[in-house]
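Colleague: input.cif is reproduced below (mmCIF, C-alpha atoms).
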```
data_model
#
loop_
_atom_site.label_atom_id
_atom_site.label_comp_id
_atom_site.auth_asym_id
_atom_site.auth_seq_id
_atom_site.Cartn_x
_atom_site.Cartn_y
_atom_site.Cartn_z
CA MET A 1 22.02 -38.57 -20.72
CA ARG A 2 22.52 -34.80 -20.68
CA LEU A 3 22.06 -34.70 -24.44
CA VAL A 4 18.91 -36.82 -24.21
CA ARG A 5 17.43 -34.49 -21.58
CA ALA A 6 18.38 -31.49 -23.67
CA LEU A 7 16.67 -32.85 -26.75
CA ARG A 8 13.61 -33.88 -24.77
CA GLY A 9 13.29 -30.37 -23.37
CA GLN A 10 13.92 -28.60 -26.68
CA PHE A 11 11.98 -30.53 -29.29
CA SER A 12 8.27 -31.22 -29.29
CA VAL A 13 6.78 -33.78 -31.66
CA ARG A 14 5.53 -30.94 -33.83
CA LYS A 15 8.99 -29.39 -34.07
CA LEU A 16 10.59 -32.73 -34.89
CA ASN A 17 8.08 -33.37 -37.66
CA ARG A 18 8.75 -29.94 -39.11
CA ARG A 19 12.52 -30.46 -38.98
CA TRP A 20 12.14 -33.88 -40.63
CA ARG A 21 10.07 -32.43 -43.47
CA GLN A 22 12.70 -29.75 -43.98
CA MET A 23 15.44 -32.38 -44.11
CA GLN A 24 13.48 -34.49 -46.61
CA ALA A 25 12.96 -31.48 -48.86
CA LEU A 26 16.67 -30.66 -48.68
CA ILE A 27 17.64 -34.24 -49.53
CA LYS A 28 15.34 -34.34 -52.56
CA ALA A 29 16.70 -31.04 -53.81
CA SER A 30 20.27 -32.25 -53.34
CA GLU A 31 19.63 -35.52 -55.19
CA LYS A 32 18.74 -33.54 -58.29
CA SER A 33 21.86 -31.42 -58.19
CA GLY A 34 24.69 -33.58 -56.84
CA PRO A 35 26.09 -37.09 -56.31
CA ARG A 36 24.64 -39.38 -53.63
CA TRP A 37 27.68 -39.18 -51.31
CA THR A 38 27.23 -35.41 -51.15
CA VAL A 39 23.64 -35.89 -50.05
CA GLN A 40 24.67 -38.32 -47.30
CA VAL A 41 27.39 -36.03 -45.95
CA GLY A 42 25.05 -33.06 -46.06
CA THR A 43 22.37 -34.98 -44.18
CA VAL A 44 24.81 -35.97 -41.42
CA LEU A 45 26.04 -32.39 -41.05
CA LEU A 46 22.48 -31.10 -40.84
CA CYS A 47 21.68 -33.61 -38.09
CA VAL A 48 24.76 -32.52 -36.15
CA VAL A 49 23.75 -28.87 -36.43
CA LEU A 50 20.24 -29.64 -35.16
CA PHE A 51 21.57 -31.63 -32.20
CA VAL A 52 24.04 -28.91 -31.22
CA TYR A 53 21.32 -26.27 -31.53
CA ALA A 54 19.03 -28.26 -29.26
CA TYR A 55 21.72 -28.82 -26.66
CA SER A 56 22.88 -25.21 -26.53
CA ASN A 57 19.42 -23.63 -26.35
CA THR A 58 17.70 -25.80 -23.79
CA LEU A 59 17.19 -24.55 -20.24
CA SER A 60 17.48 -28.04 -18.80
CA ALA A 61 20.66 -29.86 -19.82
CA GLY A 62 21.38 -32.35 -17.06
CA TYR A 63 21.89 -31.87 -13.35
CA GLY A 64 24.14 -32.78 -10.46
CA PRO A 65 25.75 -31.34 -7.32
CA LEU A 66 26.57 -27.61 -7.29
CA ALA A 67 29.09 -25.75 -5.16
CA PRO A 68 27.98 -22.59 -3.29
CA SER A 69 30.35 -19.65 -2.98
CA SER A 70 31.63 -20.70 0.46
CA PRO A 71 31.09 -23.33 3.18
CA GLN A 72 28.74 -20.88 4.90
CA HIS A 73 26.39 -20.96 1.92
CA MET A 74 24.02 -23.70 0.78
CA HIS A 75 22.91 -25.59 -2.28
CA VAL A 76 19.19 -24.82 -2.41
CA LEU A 77 16.57 -26.63 -4.49
CA VAL A 78 13.67 -24.35 -5.43
CA THR A 79 10.46 -25.85 -6.79
CA GLY A 80 8.20 -23.61 -8.85
CA CYS A 81 11.12 -21.37 -9.76
CA ALA A 82 9.47 -20.24 -13.00
CA GLY A 83 6.64 -18.67 -11.02
CA PHE A 84 6.28 -15.17 -9.63
CA ILE A 85 7.62 -15.71 -6.10
CA GLY A 86 9.89 -18.65 -6.90
CA SER A 87 11.83 -16.76 -9.56
CA HIS A 88 12.41 -13.77 -7.28
CA ALA A 89 13.53 -16.06 -4.45
CA SER A 90 15.93 -17.93 -6.75
CA LEU A 91 17.46 -14.66 -7.91
CA ARG A 92 18.00 -13.48 -4.33
CA LEU A 93 19.52 -16.78 -3.22
CA LEU A 94 22.02 -16.60 -6.07
CA GLU A 95 22.91 -13.00 -5.24
CA ASP A 96 23.55 -14.03 -1.64
CA GLY A 97 26.10 -16.63 -2.74
CA HIS A 98 24.04 -19.80 -2.61
CA ALA A 99 23.96 -22.40 -5.38
CA VAL A 100 20.47 -22.99 -6.76
CA THR A 101 18.83 -25.92 -8.51
CA CYS A 102 15.48 -24.88 -9.96
CA VAL A 103 12.70 -27.35 -10.76
CA ASP A 104 9.58 -26.47 -12.74
CA ASN A 105 7.36 -28.04 -15.40
CA PHE A 106 6.14 -24.73 -16.90
CA SER A 107 2.49 -25.67 -16.42
CA ARG A 108 2.01 -22.22 -14.89
CA GLY A 109 5.47 -20.67 -14.89
CA ASN A 110 7.33 -18.51 -17.36
CA LYS A 111 10.45 -19.58 -19.26
CA GLY A 112 11.54 -15.96 -19.46
CA ALA A 113 11.75 -15.85 -15.67
CA VAL A 114 14.09 -18.84 -15.63
CA ARG A 115 16.26 -17.27 -18.33
CA ALA A 116 16.48 -14.06 -16.28
CA VAL A 117 17.57 -16.01 -13.20
CA LYS A 118 20.06 -18.06 -15.20
CA LYS A 119 21.53 -14.89 -16.72
CA ALA A 120 22.21 -13.48 -13.26
CA ALA A 121 23.92 -16.64 -12.01
CA LYS A 122 27.67 -17.12 -11.84
CA PRO A 123 29.11 -20.17 -13.62
CA GLY A 124 28.53 -23.40 -11.74
CA ARG A 125 25.99 -21.89 -9.31
CA PHE A 126 22.72 -22.55 -11.14
CA GLN A 127 20.96 -25.35 -12.94
CA PHE A 128 17.41 -25.80 -14.16
CA VAL A 129 15.57 -29.11 -14.28
CA GLU A 130 12.30 -29.35 -16.18
CA ALA A 131 10.32 -31.94 -14.25
CA ASP A 132 6.85 -32.66 -12.91
CA LEU A 133 6.59 -33.18 -9.16
CA GLY A 134 3.71 -35.54 -9.85
CA HIS A 135 6.20 -38.11 -11.19
CA TYR A 136 7.78 -39.40 -8.00
CA HIS A 137 10.64 -41.45 -9.43
CA GLU A 138 11.81 -38.43 -11.42
CA VAL A 139 11.66 -36.27 -8.30
CA GLU A 140 13.57 -38.86 -6.29
CA SER A 141 16.28 -39.01 -8.95
CA ILE A 142 16.70 -35.22 -8.88
CA PHE A 143 17.08 -35.13 -5.11
CA LYS A 144 19.56 -37.99 -4.98
CA SER A 145 21.66 -36.53 -7.81
CA THR A 146 21.82 -32.90 -6.70
CA GLN A 147 22.79 -33.34 -3.02
CA VAL A 148 21.04 -30.19 -1.81
CA ASP A 149 21.09 -28.71 1.69
CA LEU A 150 17.71 -26.98 1.69
CA VAL A 151 14.44 -27.21 -0.24
CA VAL A 152 12.16 -24.21 -0.80
CA HIS A 153 8.86 -25.60 -2.05
CA PHE A 154 6.83 -23.00 -3.99
CA ALA A 155 5.39 -25.13 -6.80
CA ALA A 156 1.59 -25.10 -6.76
CA VAL A 157 -1.50 -24.04 -8.64
CA ALA A 158 -2.92 -21.03 -6.83
CA TYR A 159 -6.32 -19.73 -7.95
CA VAL A 160 -9.24 -19.97 -5.54
CA GLY A 161 -11.94 -19.91 -8.21
CA GLU A 162 -10.21 -22.59 -10.25
CA SER A 163 -9.84 -24.76 -7.15
CA MET A 164 -13.60 -24.72 -6.62
CA ALA A 165 -14.21 -25.73 -10.23
CA ASN A 166 -11.52 -28.43 -10.22
CA PRO A 167 -10.74 -29.50 -6.64
CA VAL A 168 -9.10 -32.80 -7.58
CA GLN A 169 -6.44 -30.95 -9.57
CA TYR A 170 -5.62 -28.86 -6.51
CA TYR A 171 -5.38 -31.76 -4.06
CA HIS A 172 -3.16 -33.61 -6.53
CA ASN A 173 -0.94 -30.66 -7.41
CA ILE A 174 -0.58 -29.25 -3.90
CA THR A 175 -1.06 -32.03 -1.36
CA ALA A 176 0.04 -35.12 -3.28
CA ASN A 177 3.03 -33.37 -4.85
CA THR A 178 4.15 -32.17 -1.42
CA VAL A 179 4.08 -35.80 -0.30
CA HIS A 180 6.40 -36.56 -3.22
CA VAL A 181 8.77 -33.76 -2.24
CA VAL A 182 8.94 -34.85 1.40
CA LYS A 183 9.30 -38.50 0.43
CA ALA A 184 12.16 -37.67 -1.96
CA MET A 185 13.81 -35.58 0.76
CA GLN A 186 13.61 -38.57 3.08
CA ALA A 187 15.15 -40.87 0.45
CA ALA A 188 18.01 -38.42 -0.18
CA ASP A 189 18.45 -37.51 3.51
CA VAL A 190 17.70 -33.81 2.93
CA ARG A 191 16.68 -32.37 6.30
CA ARG A 192 15.66 -28.72 5.78
CA LEU A 193 12.51 -27.41 4.13
CA ILE A 194 10.69 -24.10 3.72
CA TYR A 195 7.10 -24.64 2.65
CA SER A 196 5.13 -21.95 0.84
CA SER A 197 1.59 -21.91 2.21
CA THR A 198 -1.21 -19.33 2.09
CA CYS A 199 -3.51 -17.13 4.14
CA ALA A 200 -6.37 -19.10 2.55
CA THR A 201 -5.80 -21.67 5.30
CA TYR A 202 -7.51 -19.24 7.72
CA GLY A 203 -10.78 -18.95 5.80
CA ASN A 204 -12.95 -16.08 7.07
CA PRO A 205 -11.69 -15.42 10.61
CA GLU A 206 -14.03 -13.76 13.09
CA ILE A 207 -11.27 -11.84 14.85
CA LEU A 208 -8.77 -9.53 13.18
CA PRO A 209 -5.87 -9.10 12.78
CA ILE A 210 -4.93 -12.64 11.84
CA THR A 211 -2.05 -14.19 13.77
CA GLU A 212 -0.40 -17.60 13.76
CA LEU A 213 -2.83 -18.58 16.54
CA THR A 214 -5.91 -17.81 14.44
CA PRO A 215 -7.86 -21.05 13.83
CA THR A 216 -7.34 -22.58 10.39
CA LEU A 217 -10.77 -23.04 8.79
CA PRO A 218 -10.25 -22.92 5.02
CA ILE A 219 -13.38 -22.46 2.91
CA ASN A 220 -12.13 -23.53 -0.54
CA PRO A 221 -10.14 -26.46 -1.97
CA TYR A 222 -7.05 -24.31 -2.47
CA GLY A 223 -6.82 -23.45 1.22
CA LYS A 224 -7.76 -26.98 2.27
CA ALA A 225 -5.12 -28.54 0.01
CA LYS A 226 -2.46 -26.18 1.36
CA LEU A 227 -3.42 -26.93 4.96
CA ALA A 228 -3.26 -30.66 4.25
CA ALA A 229 0.21 -30.19 2.74
CA GLU A 230 1.28 -28.31 5.87
CA GLN A 231 0.17 -31.30 7.92
CA VAL A 232 2.27 -33.60 5.76
CA VAL A 233 5.32 -31.51 6.64
CA ARG A 234 4.48 -31.44 10.35
CA ASP A 235 3.75 -35.15 10.59
CA TYR A 236 7.01 -36.02 8.88
CA ALA A 237 8.87 -33.65 11.19
CA ALA A 238 7.24 -35.32 14.19
CA SER A 239 8.59 -38.68 13.02
CA ASN A 240 12.10 -37.41 12.24
CA PRO A 241 13.88 -35.38 14.95
CA ASP A 242 16.60 -34.33 12.49
CA PHE A 243 14.15 -32.74 10.07
CA LYS A 244 13.72 -28.97 10.34
CA ALA A 245 11.18 -26.89 8.47
CA ALA A 246 9.30 -23.61 8.30
CA VAL A 247 5.78 -22.97 7.00
CA LEU A 248 5.11 -19.46 5.67
CA ARG A 249 1.53 -18.32 5.05
CA TYR A 250 1.35 -15.41 2.64
CA PHE A 251 -1.31 -12.86 2.04
CA ASN A 252 -1.51 -11.05 -1.31
CA VAL A 253 1.86 -10.71 -3.02
CA TYR A 254 2.59 -7.98 -5.54
CA GLY A 255 5.52 -6.06 -7.01
CA ALA A 256 8.63 -6.87 -9.03
CA ASP A 257 12.40 -6.98 -8.86
CA PRO A 258 13.58 -3.38 -8.26
CA ALA A 259 16.19 -3.77 -10.99
CA GLY A 260 13.52 -4.71 -13.52
CA ARG A 261 14.88 -8.19 -14.20
CA LEU A 262 11.73 -10.01 -13.08
CA GLY A 263 8.05 -9.30 -12.66
CA GLU A 264 4.67 -10.96 -12.71
CA TYR A 265 4.02 -12.63 -16.07
CA PRO A 266 1.01 -14.96 -15.89
CA GLN A 267 0.21 -17.09 -18.90
CA PRO A 268 -2.35 -15.37 -21.18
CA GLU A 269 -5.14 -17.83 -20.42
CA LEU A 270 -4.72 -17.16 -16.68
CA ARG A 271 -4.59 -13.37 -16.71
CA SER A 272 -8.26 -13.09 -15.75
CA GLN A 273 -7.55 -15.00 -12.53
CA GLY A 274 -4.41 -13.08 -11.64
CA ARG A 275 -3.67 -10.61 -8.87
CA ILE A 276 -5.23 -7.17 -8.61
CA SER A 277 -1.84 -5.52 -9.16
CA GLY A 278 -1.45 -7.24 -12.51
CA ALA A 279 -5.04 -6.45 -13.47
CA CYS A 280 -4.44 -2.75 -12.78
CA PHE A 281 -1.44 -2.69 -15.11
CA ASP A 282 -3.31 -4.69 -17.76
CA ALA A 283 -6.12 -2.13 -17.73
CA ALA A 284 -3.71 0.81 -17.81
CA LEU A 285 -1.80 -0.67 -20.76
CA GLY A 286 -4.95 -1.57 -22.67
CA PHE A 287 -4.56 -5.34 -22.48
CA ILE A 288 -8.07 -5.51 -21.01
CA ASP A 289 -10.98 -3.14 -21.57
CA SER A 290 -11.61 -2.30 -17.93
CA LEU A 291 -10.73 -3.16 -14.36
CA THR A 292 -13.46 -5.17 -12.64
CA ILE A 293 -13.75 -4.82 -8.87
CA MET A 294 -15.24 -7.93 -7.30
CA GLY A 295 -17.52 -7.78 -4.27
CA THR A 296 -19.96 -5.16 -2.99
CA GLN A 297 -21.06 -6.71 0.30
CA PHE A 298 -18.11 -5.86 2.52
CA PRO A 299 -18.45 -3.52 5.55
CA THR A 300 -16.60 -0.63 3.90
CA ARG A 301 -17.70 2.75 2.58
CA ASP A 302 -18.25 1.51 -0.98
CA GLY A 303 -18.79 -2.18 -0.21
CA THR A 304 -15.52 -3.34 -1.75
CA CYS A 305 -13.03 -5.37 0.26
CA VAL A 306 -9.85 -4.25 1.97
CA ARG A 307 -6.93 -6.62 1.48
CA ASP A 308 -3.45 -7.02 2.92
CA TYR A 309 -0.51 -6.90 0.52
CA VAL A 310 3.15 -7.81 0.83
CA HIS A 311 5.82 -6.87 -1.70
CA VAL A 312 7.55 -9.82 -3.31
CA THR A 313 11.01 -8.57 -2.29
CA ASP A 314 9.90 -8.33 1.36
CA LEU A 315 8.54 -11.84 1.10
CA VAL A 316 11.85 -13.05 -0.31
CA ASP A 317 13.65 -11.34 2.59
CA ALA A 318 11.55 -13.45 4.95
CA HIS A 319 12.53 -16.63 3.14
CA VAL A 320 16.21 -15.77 3.26
CA THR A 321 15.97 -15.07 7.00
CA VAL A 322 14.09 -18.29 7.68
CA ALA A 323 16.46 -20.31 5.48
CA GLY A 324 19.14 -20.05 8.11
CA HIS A 325 16.82 -20.86 11.00
CA PRO A 326 14.29 -23.61 10.25
CA SER A 327 12.94 -25.27 13.37
CA HIS A 328 11.62 -28.52 14.75
CA PRO A 329 8.68 -28.82 14.83
CA PRO A 330 7.85 -26.25 12.12
CA PRO A 331 5.59 -23.43 13.38
CA PRO A 332 3.49 -21.45 10.89
CA SER A 333 4.40 -17.83 10.18
CA SER A 334 1.89 -15.38 8.70
CA LEU A 335 3.33 -12.73 6.38
CA SER A 336 1.29 -9.66 5.47
#
```
What would you get if you wrote out this structure as structure tokens?
Modeller:
Amino acid sequence: MRLVRALRGQFSVRKLNRRWRQMQALIKASEKSGPRWTVQVGTVLLCVVLFVYAYSNTLSAGYGPLAPSSPQHMHVLVTGCAGFIGSHASLRLLEDGHAVTCVDNFSRGNKGAVRAVKKAAKPGRFQFVEADLGHYHEVESIFKSTQVDLVVHFAAVAYVGESMANPVQYYHNITANTVHVVKAMQAADVRRLIYSSTCATYGNPEILPITELTPTLPINPYGKAKLAAEQVVRDYAASNPDFKAAVLRYFNVYGADPAGRLGEYPQPELRSQGRISGACFDAALGFIDSLTIMGTQFPTRDGTCVRDYVHVTDLVDAHVTVAGHPSHPPPPSSLS
């Protein structure tokens, strides 16, 4: 099964077709220059080489229980680990001695981020599973096989403008997939969860600063989907006294790993919807012609908005702190 998963993760149909054409060309060339048994042996050897290459180069090559560095540490499952925040959190958890199982489908994440995390991991402390949280039976299998102690659920699409253009995608990816995660946790008897939410759940509050007591009145599908997912977590906690969770609502996250191992690497087609920090660097490096500042109607000197920012390493610190102290029922925490 590990080999099957490896091949599935490594080879696309296009790659397989290309490899097959290369093999056919090699066979035809060999038939002209040598006996048939030589061709058969050569074909078998070529197949073996291709299979070994696929198995050794895939990020996802099977999964199972992992052992943390000591009984005081945990086996943590991180969803969305190929993303900006998820990759930084995975790296920190590994550095702190925890074992980490990462799950991502690369619909928005970056394979380079997973490779960087894997490179920093000690043997037997890290595994990556390429999977889609929208496929429940696959998610359930992962949870039952890995025997994790804690889930940190980052995986989500996260662009306000896109959510308004395609709200169904956001409710499916955020709310429905969170149902799958919680349901799989229930099936595997995993009792601790940290849920990654957003300040978009507050909408446009009338009173500042925002606190955890500020009313949640989201104004776009992204914020509404996140708030609905929060409610899934709370309702499940209310029905299960042994379940402990934390809900963290972030404001604008920026920055990178101080050692330079990780950063923010959005997919090219999504760069225009990325964070202001990334847009500034893109403009400075010449990837885009200019930096566009949105909004002129705000009550500031030049009409542009003032936003709160939190560095990704500070945000990860909050997750690590909360990881040891989830609660029942899970209260929201605003991080800015």
Colleague: May I ask for the distance between atom CA of Tyr222 of chain A and atom CA of His180 of chain A, given in Å to one decimal place?
Modeller: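 Interatomic distance, atom CA of Tyr222 of chain A to atom CA of His180 of chain A: 18.2 Å.
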Colleague: Would you write out, as a list in words, every residue that the PyMOL selection byres ((chain A and resi 280) around 12) captures in this file?
Modeller: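 With the shown file as input, the PyMOL selection byres ((chain A and resi 280) around 12) matches Tyr254, Gly255, Arg271, Ser272, Gly274, Arg275, Ile276, Ser277, Gly278, Ala279, Phe281, Asp282, Ala283, Ala284, Leu285, Gly286, Phe287, Ile288, Asp289, Ser290, Leu291, Thr292 and Ile293 of chain A.
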Colleague: Give me, as a list in words, all polymer residues having an atom no more than 12 Å from Leu66 of chain A, counting only C-alpha atoms and skipping those fewer than 4 positions away in the same chain.
Modeller: Ser70, His73, Met74, His75, Val76, Leu77, Leu94, Gly97, His98, Ala99, Val100, Thr101, Cys102, Lys122, Pro123, Gly124, Arg125, Phe126, Gln127, Phe128, Ser145, Thr146, Gln147, Val148 and Asp149 of chain A
Colleague: May I have the selected residues written with C-alpha atoms, as a PDB file, in the coordinates of the input?
Modeller:
```pdb
ATOM      1  CA  SER A  70      31.630 -20.700   0.460  1.00  0.00           C
ATOM      2  CA  HIS A  73      26.390 -20.960   1.920  1.00  0.00           C
ATOM      3  CA  MET A  74      24.020 -23.700   0.780  1.00  0.00           C
ATOM      4  CA  HIS A  75      22.910 -25.590  -2.280  1.00  0.00           C
ATOM      5  CA  VAL A  76      19.190 -24.820  -2.410  1.00  0.00           C
ATOM      6  CA  LEU A  77      16.570 -26.630  -4.490  1.00  0.00           C
ATOM      7  CA  LEU A  94      22.020 -16.600  -6.070  1.00  0.00           C
ATOM      8  CA  GLY A  97      26.100 -16.630  -2.740  1.00  0.00           C
ATOM      9  CA  HIS A  98      24.040 -19.800  -2.610  1.00  0.00           C
ATOM     10  CA  ALA A  99      23.960 -22.400  -5.380  1.00  0.00           C
ATOM     11  CA  VAL A 100      20.470 -22.990  -6.760  1.00  0.00           C
ATOM     12  CA  THR A 101      18.830 -25.920  -8.510  1.00  0.00           C
ATOM     13  CA  CYS A 102      15.480 -24.880  -9.960  1.00  0.00           C
ATOM     14  CA  LYS A 122      27.670 -17.120 -11.840  1.00  0.00           C
ATOM     15  CA  PRO A 123      29.110 -20.170 -13.620  1.00  0.00           C
ATOM     16  CA  GLY A 124      28.530 -23.400 -11.740  1.00  0.00           C
ATOM     17  CA  ARG A 125      25.990 -21.890  -9.310  1.00  0.00           C
ATOM     18  CA  PHE A 126      22.720 -22.550 -11.140  1.00  0.00           C
ATOM     19  CA  GLN A 127      20.960 -25.350 -12.940  1.00  0.00           C
ATOM     20  CA  PHE A 128      17.410 -25.800 -14.160  1.00  0.00           C
ATOM     21  CA  SER A 145      21.660 -36.530  -7.810  1.00  0.00           C
ATOM     22  CA  THR A 146      21.820 -32.900  -6.700  1.00  0.00           C
ATOM     23  CA  GLN A 147      22.790 -33.340  -3.020  1.00  0.00           C
ATOM     24  CA  VAL A 148      21.040 -30.190  -1.810  1.00  0.00           C
ATOM     25  CA  ASP A 149      21.090 -28.710   1.690  1.00  0.00           C
TER      26      ASP A 149
END
```
Colleague: Determine the nearest neighbour of Asn177 of chain A from the options A:Phe251, A:Tyr202, A:Tyr159, A:Phe154, counting only C-alpha atoms.
Modeller: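 Ranking A:Phe251, A:Tyr202, A:Tyr159, A:Phe154 by distance to Asn177 of chain A, first place goes to A:Phe154.
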Colleague: Give as an MDAnalysis selection string every residue, naming chains and numbers as the document does, that has an atom within 10 Å of (22.1, -44.0, -4.1), counting all atoms listed in the file.
Modeller: chainID A and resid 141 144:145 187:188
Colleague: Dump C-alpha atoms for the selected residues as a PDB file, in the frame of the given file?
Modeller:
```
ATOM      1  CA  SER A 141      16.280 -39.010  -8.950  1.00  0.00           C
ATOM      2  CA  LYS A 144      19.560 -37.990  -4.980  1.00  0.00           C
ATOM      3  CA  SER A 145      21.660 -36.530  -7.810  1.00  0.00           C
ATOM      4  CA  ALA A 187      15.150 -40.870   0.450  1.00  0.00           C
ATOM      5  CA  ALA A 188      18.010 -38.420  -0.180  1.00  0.00           C
TER       6      ALA A 188
END
```
Colleague: If I take atom CA of Ala158 of chain A and atom CA of Arg115 of chain A, how far is one from the other in Å, to one decimal?
Modeller: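 Result for atom CA of Ala158 of chain A versus atom CA of Arg115 of chain A: 22.7 Å, one decimal.
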Colleague: Could you jot down the atom CA of Leu217 of chain A to atom CA of Tyr195 of chain A separation for me, Å, one decimal place?
Modeller: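 Between these atoms lies a distance of 19.0 Å.
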Colleague: Any chance you could work out the residue set of the PyMOL selection byres ((chain A and resi 258) around 12) here, as a ChimeraX atom specification?
Modeller: /A:88,91-92,255-257,259-263,311-314
Colleague: Just the residues within 12 Å of segment 204-209 of chain A, please, counting all atoms listed in the file, with nothing from its chain fewer than 3 positions along; format it as a PyMOL selection string.
Modeller: chain A and resi 199-201+212-220+223+307-308+334-336
Colleague: Could you save the residues just selected, with C-alpha atoms, as a CSV table (one decimal), in the frame of the given file?
Modeller:
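Wrote it out as selection.csv, contents follow:
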```csv
chain,number,residue,atom,x,y,z
A,199,CYS,CA,-3.5,-17.1,4.1
A,200,ALA,CA,-6.4,-19.1,2.6
A,201,THR,CA,-5.8,-21.7,5.3
A,212,GLU,CA,-0.4,-17.6,13.8
A,213,LEU,CA,-2.8,-18.6,16.5
A,214,THR,CA,-5.9,-17.8,14.4
A,215,PRO,CA,-7.9,-21.0,13.8
A,216,THR,CA,-7.3,-22.6,10.4
A,217,LEU,CA,-10.8,-23.0,8.8
A,218,PRO,CA,-10.2,-22.9,5.0
A,219,ILE,CA,-13.4,-22.5,2.9
A,220,ASN,CA,-12.1,-23.5,-0.5
A,223,GLY,CA,-6.8,-23.4,1.2
A,307,ARG,CA,-6.9,-6.6,1.5
A,308,ASP,CA,-3.4,-7.0,2.9
A,334,SER,CA,1.9,-15.4,8.7
A,335,LEU,CA,3.3,-12.7,6.4
A,336,SER,CA,1.3,-9.7,5.5
```
Colleague: Given the file shown, determine the residues that the PyMOL selection byres ((chain A and resi 321) around 12) selects; report them as JSON, numbers by chain.
Modeller: {"A": [89, 92, 93, 96, 194, 246, 248, 314, 315, 316, 317, 318, 319, 320, 322, 323, 324, 325, 326]}
Colleague: Using all atoms listed in the file, which of A:Gly64, A:Pro167, A:Gly161, A:Pro330 sits nearest Ala238 of chain A?
Modeller: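 Using all atoms listed in the file, Ala238 of chain A sits closest to A:Pro330.
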Colleague: Go through A:Ala184, A:Gly112, A:Pro299, A:Phe143 one by one, measure the shortest atom-to-atom distance of each to Pro65 of chain A using only C-alpha atoms, and give the residue with the smallest value.
Modeller: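 When distances to Pro65 of chain A are compared using only C-alpha atoms, the smallest one comes from A:Phe143.
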Colleague: Select, from A:Val181, A:Val310, A:Ile142, A:Ala229, the residue with the minimum atom-to-atom distance to Val253 of chain A, counting all atoms listed in the file.
Modeller: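 Checking each of A:Val181, A:Val310, A:Ile142, A:Ala229 against Val253 of chain A, counting all atoms listed in the file, the winner is A:Val310.
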